[in-house]
Amino acid sequence: MTRPTEDEVKHSAARQSYPEDRFDRLQQSGRVGAHRVTARPRYIWQYLIAGLLGFAVLTTIGIIAVQSGEGSGKLPLTSSGTPSGTAQPSVEAKLDPEATIAILNGTPTENLAAALDQIVTNEEWGKIQFSGSAATTDVAISAVFYSNPDDEAAAAGLAEKLGGV
(Lines give C-alpha, C1' and ligand atoms only; values in the text may rest on other atoms or scores of the structure.)
Protein backbone atom coordinates (compact mmCIF):
# COMPACT_ATOMS: atom_id res chain seq x y z
CA MET A 1 0.00 0.00 0.00
CA THR A 2 1.08 3.52 -0.60
CA ARG A 3 1.19 6.19 1.98
CA PRO A 4 -1.10 9.23 1.66
CA THR A 5 0.55 12.46 0.52
CA GLU A 6 0.56 15.60 2.60
CA ASP A 7 -2.21 17.18 0.48
CA GLU A 8 -4.45 14.13 1.02
CA VAL A 9 -3.84 14.26 4.77
CA LYS A 10 -4.64 17.99 4.92
CA HIS A 11 -7.77 17.50 2.79
CA SER A 12 -9.09 14.65 4.96
CA ALA A 13 -8.33 16.66 8.08
CA ALA A 14 -10.19 19.67 6.68
CA ARG A 15 -13.24 17.52 6.00
CA GLN A 16 -13.40 16.28 9.52
CA SER A 17 -12.82 19.61 11.19
CA TYR A 18 -16.46 20.69 10.68
CA PRO A 19 -19.02 19.80 13.32
CA GLU A 20 -21.43 17.01 12.45
CA ASP A 21 -24.96 18.01 11.42
CA ARG A 22 -28.12 16.18 10.31
CA PHE A 23 -27.01 16.04 6.68
CA ASP A 24 -24.01 13.92 7.57
CA ARG A 25 -26.34 11.11 8.66
CA LEU A 26 -28.40 10.81 5.45
CA GLN A 27 -28.68 7.42 3.82
CA GLN A 28 -26.68 7.21 0.62
CA SER A 29 -28.71 7.11 -2.58
CA GLY A 30 -28.04 7.71 -6.23
CA ARG A 31 -29.69 11.14 -6.13
CA VAL A 32 -27.73 14.32 -6.32
CA GLY A 33 -29.33 17.59 -5.24
CA ALA A 34 -32.63 16.41 -3.78
CA HIS A 35 -34.53 19.61 -4.66
CA ARG A 36 -33.26 20.10 -8.16
CA VAL A 37 -35.52 19.56 -11.10
CA THR A 38 -34.03 18.95 -14.49
CA ALA A 39 -35.43 21.60 -16.80
CA ARG A 40 -37.12 20.19 -19.84
CA PRO A 41 -36.16 21.89 -23.07
CA ARG A 42 -38.84 24.16 -24.52
CA TYR A 43 -39.62 23.59 -28.12
CA ILE A 44 -40.96 27.02 -29.13
CA TRP A 45 -40.59 26.13 -32.80
CA GLN A 46 -43.21 23.40 -32.36
CA TYR A 47 -45.73 25.94 -31.07
CA LEU A 48 -44.85 28.32 -33.88
CA ILE A 49 -45.33 25.66 -36.57
CA ALA A 50 -48.60 24.50 -34.98
CA GLY A 51 -49.87 28.09 -34.90
CA LEU A 52 -48.93 28.72 -38.53
CA LEU A 53 -50.55 25.47 -39.65
CA GLY A 54 -53.72 26.32 -37.73
CA PHE A 55 -53.81 29.78 -39.30
CA ALA A 56 -53.33 28.34 -42.79
CA VAL A 57 -56.03 25.70 -42.31
CA LEU A 58 -58.58 28.15 -40.90
CA THR A 59 -57.84 30.71 -43.62
CA THR A 60 -58.26 28.07 -46.32
CA ILE A 61 -61.56 26.91 -44.84
CA GLY A 62 -62.77 30.52 -44.69
CA ILE A 63 -61.85 31.21 -48.31
CA ILE A 64 -63.54 28.02 -49.49
CA ALA A 65 -66.67 28.87 -47.47
CA VAL A 66 -66.88 32.37 -48.95
CA GLN A 67 -66.27 31.18 -52.51
CA SER A 68 -68.80 28.35 -52.31
CA GLY A 69 -71.51 30.57 -50.81
CA GLU A 70 -74.47 31.58 -52.92
CA GLY A 71 -73.61 35.27 -52.91
CA SER A 72 -69.96 34.82 -53.91
CA GLY A 73 -69.39 38.55 -53.43
CA LYS A 74 -71.42 39.71 -56.44
CA LEU A 75 -74.34 42.13 -56.47
CA PRO A 76 -77.64 40.65 -57.61
CA LEU A 77 -78.61 42.27 -60.89
CA THR A 78 -82.28 42.36 -61.73
CA SER A 79 -83.65 43.20 -65.12
CA SER A 80 -86.38 45.85 -65.24
CA GLY A 81 -87.39 44.94 -68.79
CA THR A 82 -86.06 48.17 -70.34
CA PRO A 83 -82.81 48.47 -72.24
CA SER A 84 -80.03 49.91 -70.09
CA GLY A 85 -79.28 52.77 -72.49
CA THR A 86 -82.83 54.18 -72.48
CA ALA A 87 -83.75 53.74 -68.82
CA GLN A 88 -85.43 56.85 -67.43
CA PRO A 89 -86.21 57.15 -63.73
CA SER A 90 -89.93 56.85 -63.09
CA VAL A 91 -89.67 59.06 -60.00
CA GLU A 92 -88.23 62.50 -59.43
CA ALA A 93 -84.52 62.33 -58.59
CA LYS A 94 -84.02 63.47 -55.00
CA LEU A 95 -80.61 63.25 -53.29
CA ASP A 96 -80.78 61.77 -49.78
CA PRO A 97 -77.76 62.64 -47.55
CA GLU A 98 -78.82 59.91 -45.10
CA ALA A 99 -78.81 57.12 -47.73
CA THR A 100 -76.29 54.34 -47.15
CA ILE A 101 -73.92 53.73 -50.05
CA ALA A 102 -71.54 50.94 -51.06
CA ILE A 103 -68.97 51.81 -53.72
CA LEU A 104 -67.43 48.98 -55.73
CA ASN A 105 -64.62 49.52 -58.23
CA GLY A 106 -64.97 46.95 -61.02
CA THR A 107 -62.28 48.50 -63.21
CA PRO A 108 -58.53 47.92 -63.28
CA THR A 109 -58.02 51.56 -62.14
CA GLU A 110 -56.53 51.51 -58.65
CA ASN A 111 -58.00 53.62 -55.80
CA LEU A 112 -61.02 54.67 -57.87
CA ALA A 113 -63.43 53.60 -55.12
CA ALA A 114 -61.47 55.57 -52.50
CA ALA A 115 -61.54 58.71 -54.66
CA LEU A 116 -65.30 58.42 -55.19
CA ASP A 117 -65.71 57.71 -51.47
CA GLN A 118 -64.07 61.06 -50.67
CA ILE A 119 -66.21 62.95 -53.17
CA VAL A 120 -69.46 61.46 -51.86
CA THR A 121 -68.43 62.12 -48.25
CA ASN A 122 -67.22 65.69 -48.85
CA GLU A 123 -70.30 66.64 -50.88
CA GLU A 124 -72.58 64.90 -48.34
CA TRP A 125 -74.41 62.88 -50.98
CA GLY A 126 -74.83 59.92 -48.61
CA LYS A 127 -73.21 57.81 -45.90
CA ILE A 128 -70.53 55.38 -47.10
CA GLN A 129 -70.92 51.87 -45.67
CA PHE A 130 -68.24 50.24 -47.84
CA SER A 131 -65.86 51.24 -50.60
CA GLY A 132 -63.40 48.89 -52.23
CA SER A 133 -62.69 46.63 -55.16
CA ALA A 134 -65.37 44.45 -56.72
CA ALA A 135 -64.94 40.71 -57.20
CA THR A 136 -63.97 41.21 -60.86
CA THR A 137 -62.24 43.99 -62.78
CA ASP A 138 -63.96 43.55 -66.14
CA VAL A 139 -67.09 45.62 -65.49
CA ALA A 140 -68.20 47.53 -68.60
CA ILE A 141 -70.82 49.85 -67.05
CA SER A 142 -71.11 52.39 -64.27
CA ALA A 143 -74.40 52.17 -62.42
CA VAL A 144 -76.24 52.95 -59.22
CA PHE A 145 -78.18 49.99 -57.84
CA TYR A 146 -80.81 49.94 -55.10
CA SER A 147 -82.65 47.06 -53.50
CA ASN A 148 -85.65 48.75 -51.86
CA PRO A 149 -88.18 50.47 -54.15
CA ASP A 150 -88.41 53.30 -51.61
CA ASP A 151 -84.75 54.15 -52.41
CA GLU A 152 -85.36 54.70 -56.12
CA ALA A 153 -85.49 58.51 -55.81
CA ALA A 154 -82.27 58.62 -53.76
CA ALA A 155 -80.52 56.31 -56.25
CA ALA A 156 -81.66 58.48 -59.17
CA GLY A 157 -80.43 61.60 -57.33
CA LEU A 158 -77.00 60.06 -56.71
CA ALA A 159 -76.78 58.85 -60.31
CA GLU A 160 -77.56 62.39 -61.50
CA LYS A 161 -74.83 63.87 -59.25
CA LEU A 162 -72.35 61.30 -60.59
CA GLY A 163 -72.84 62.60 -64.13
CA GLY A 164 -75.93 60.74 -65.25
CA VAL A 165 -74.72 57.22 -64.46
# chains A, B, ... in the order shown; residues from 1 in each chain; ligands from 1
>>> residues_around(residues="A:Thr100", least_positions_apart="5", cutoff="9 Å", atoms="only C-alpha atoms", output="short mmCIF file (atom, residue, chain, number, x, y, z; two decimals) with N, CA, C and O atoms, in the first residue's frame")
data_model
loop_
_atom_site.label_atom_id
_atom_site.label_comp_id
_atom_site.auth_asym_id
_atom_site.auth_seq_id
_atom_site.Cartn_x
_atom_site.Cartn_y
_atom_site.Cartn_z
N GLY A 126 -74.37 61.14 -49.28
CA GLY A 126 -74.83 59.92 -48.61
C GLY A 126 -73.79 59.47 -47.61
O GLY A 126 -72.74 60.08 -47.45
N LYS A 127 -74.10 58.38 -46.91
CA LYS A 127 -73.21 57.81 -45.90
C LYS A 127 -72.58 56.54 -46.47
O LYS A 127 -73.29 55.60 -46.80
N ILE A 128 -71.26 56.52 -46.54
CA ILE A 128 -70.53 55.38 -47.10
C ILE A 128 -70.51 54.24 -46.09
O ILE A 128 -70.05 54.40 -44.97
N GLN A 129 -70.99 53.08 -46.49
CA GLN A 129 -70.92 51.87 -45.67
C GLN A 129 -69.71 51.03 -46.05
O GLN A 129 -69.11 50.38 -45.21
#
>>> residues_around(residues="A:Glu160", least_positions_apart="3", cutoff="10 Å", atoms="only C-alpha atoms", output="PyMOL selection string")
chain A and resi 93-95+144+154-157+163-165
>>> write_last_selection(atoms="all heavy atoms", output="short mmCIF file (atom, residue, chain, number, x, y, z; two decimals), in the first residue's frame")
data_model
loop_
_atom_site.label_atom_id
_atom_site.label_comp_id
_atom_site.auth_asym_id
_atom_site.auth_seq_id
_atom_site.Cartn_x
_atom_site.Cartn_y
_atom_site.Cartn_z
N ALA A 93 -85.81 62.55 -59.24
CA ALA A 93 -84.52 62.33 -58.59
C ALA A 93 -84.39 63.27 -57.39
O ALA A 93 -84.53 64.48 -57.53
CB ALA A 93 -83.39 62.56 -59.58
N LYS A 94 -84.14 62.68 -56.22
CA LYS A 94 -84.02 63.47 -55.00
C LYS A 94 -82.86 62.90 -54.20
O LYS A 94 -82.90 61.76 -53.75
CB LYS A 94 -85.32 63.38 -54.21
CG LYS A 94 -85.29 64.15 -52.92
CD LYS A 94 -86.60 63.96 -52.17
CE LYS A 94 -86.49 64.57 -50.80
NZ LYS A 94 -87.62 64.23 -49.96
N LEU A 95 -81.80 63.69 -54.02
CA LEU A 95 -80.61 63.25 -53.29
C LEU A 95 -80.93 63.13 -51.80
O LEU A 95 -81.54 64.03 -51.22
CB LEU A 95 -79.47 64.26 -53.51
CG LEU A 95 -78.09 63.79 -53.10
CD1 LEU A 95 -77.69 62.57 -53.91
CD2 LEU A 95 -77.08 64.88 -53.32
N VAL A 144 -75.81 52.82 -60.60
CA VAL A 144 -76.24 52.95 -59.22
C VAL A 144 -77.37 51.94 -59.03
O VAL A 144 -78.38 51.99 -59.74
CB VAL A 144 -76.74 54.38 -58.92
CG1 VAL A 144 -77.28 54.46 -57.50
CG2 VAL A 144 -75.62 55.38 -59.12
N ALA A 154 -83.63 58.32 -54.25
CA ALA A 154 -82.27 58.62 -53.76
C ALA A 154 -81.22 58.08 -54.72
O ALA A 154 -80.20 58.74 -54.97
CB ALA A 154 -82.08 58.03 -52.37
N ALA A 155 -81.46 56.90 -55.29
CA ALA A 155 -80.52 56.31 -56.25
C ALA A 155 -80.47 57.16 -57.51
O ALA A 155 -79.38 57.41 -58.08
CB ALA A 155 -80.90 54.88 -56.59
N ALA A 156 -81.61 57.64 -57.98
CA ALA A 156 -81.66 58.48 -59.17
C ALA A 156 -80.95 59.81 -58.90
O ALA A 156 -80.22 60.34 -59.77
CB ALA A 156 -83.10 58.72 -59.60
N GLY A 157 -81.10 60.35 -57.69
CA GLY A 157 -80.43 61.60 -57.33
C GLY A 157 -78.92 61.43 -57.31
O GLY A 157 -78.17 62.29 -57.79
N GLY A 163 -72.97 62.34 -62.70
CA GLY A 163 -72.84 62.60 -64.13
C GLY A 163 -73.79 61.81 -64.99
O GLY A 163 -73.48 61.52 -66.14
N GLY A 164 -74.93 61.44 -64.45
CA GLY A 164 -75.93 60.74 -65.25
C GLY A 164 -75.62 59.27 -65.42
O GLY A 164 -75.92 58.67 -66.45
N VAL A 165 -75.04 58.65 -64.42
CA VAL A 165 -74.72 57.22 -64.46
C VAL A 165 -75.99 56.43 -64.60
O VAL A 165 -76.98 56.71 -63.97
CB VAL A 165 -73.95 56.81 -63.19
CG1 VAL A 165 -73.73 55.32 -63.13
CG2 VAL A 165 -72.64 57.56 -63.12
#
>>> residues_around(residues="A:Pro108", least_positions_apart="4", cutoff="12 Å", atoms="only C-alpha atoms", output="number ranges by chain")
A: 104, 112-113, 133-140
>>> atom_distance(atom1="atom CA of A:Asp96", atom2="atom CA of A:Asp151")
9.0 Å
>>> atom_distance(atom1="atom CA of A:Ala102", atom2="atom CA of A:Gly132")
8.5 Å
>>> closest_residue(among="A:Ile141, A:Thr38, A:Lys161, A:Gly106", to="A:Glu124", atoms="only C-alpha atoms")
A:Lys161
>>> select_by_dssp(residues="stretch 45-156 of chain A", states="strand (DSSP E)", output="list in words")
Thr100, Ile101, Ala102, Ile103, Leu104, Asn105, Lys127, Ile128, Gln129, Phe130, Ser131, Gly132 and Ser133 of chain A
>>> write_last_selection(atoms="N, CA and C atoms", output="short mmCIF file (atom, residue, chain, number, x, y, z; two decimals), in the first residue's frame")
data_model
loop_
_atom_site.label_atom_id
_atom_site.label_comp_id
_atom_site.auth_asym_id
_atom_site.auth_seq_id
_atom_site.Cartn_x
_atom_site.Cartn_y
_atom_site.Cartn_z
N THR A 100 -77.52 55.12 -47.30
CA THR A 100 -76.29 54.34 -47.15
C THR A 100 -75.81 53.89 -48.52
N ILE A 101 -74.50 53.97 -48.73
CA ILE A 101 -73.92 53.73 -50.05
C ILE A 101 -72.77 52.75 -49.94
N ALA A 102 -72.69 51.84 -50.90
CA ALA A 102 -71.54 50.94 -51.06
C ALA A 102 -70.94 51.23 -52.43
N ILE A 103 -69.64 51.49 -52.46
CA ILE A 103 -68.97 51.81 -53.72
C ILE A 103 -68.05 50.65 -54.07
N LEU A 104 -68.25 50.09 -55.26
CA LEU A 104 -67.43 48.98 -55.73
C LEU A 104 -66.73 49.39 -57.02
N ASN A 105 -65.42 49.21 -57.04
CA ASN A 105 -64.62 49.52 -58.23
C ASN A 105 -64.44 48.23 -59.01
N LYS A 127 -74.10 58.38 -46.91
CA LYS A 127 -73.21 57.81 -45.90
C LYS A 127 -72.58 56.54 -46.47
N ILE A 128 -71.26 56.52 -46.54
CA ILE A 128 -70.53 55.38 -47.10
C ILE A 128 -70.51 54.24 -46.09
N GLN A 129 -70.99 53.08 -46.49
CA GLN A 129 -70.92 51.87 -45.67
C GLN A 129 -69.71 51.03 -46.05
N PHE A 130 -69.37 51.04 -47.35
CA PHE A 130 -68.24 50.24 -47.84
C PHE A 130 -67.76 50.86 -49.13
N SER A 131 -66.44 50.89 -49.29
CA SER A 131 -65.86 51.24 -50.60
C SER A 131 -64.63 50.38 -50.79
N GLY A 132 -64.52 49.78 -51.95
CA GLY A 132 -63.40 48.89 -52.23
C GLY A 132 -63.53 48.28 -53.61
N SER A 133 -62.72 47.28 -53.85
CA SER A 133 -62.69 46.63 -55.16
C SER A 133 -63.80 45.60 -55.26
#
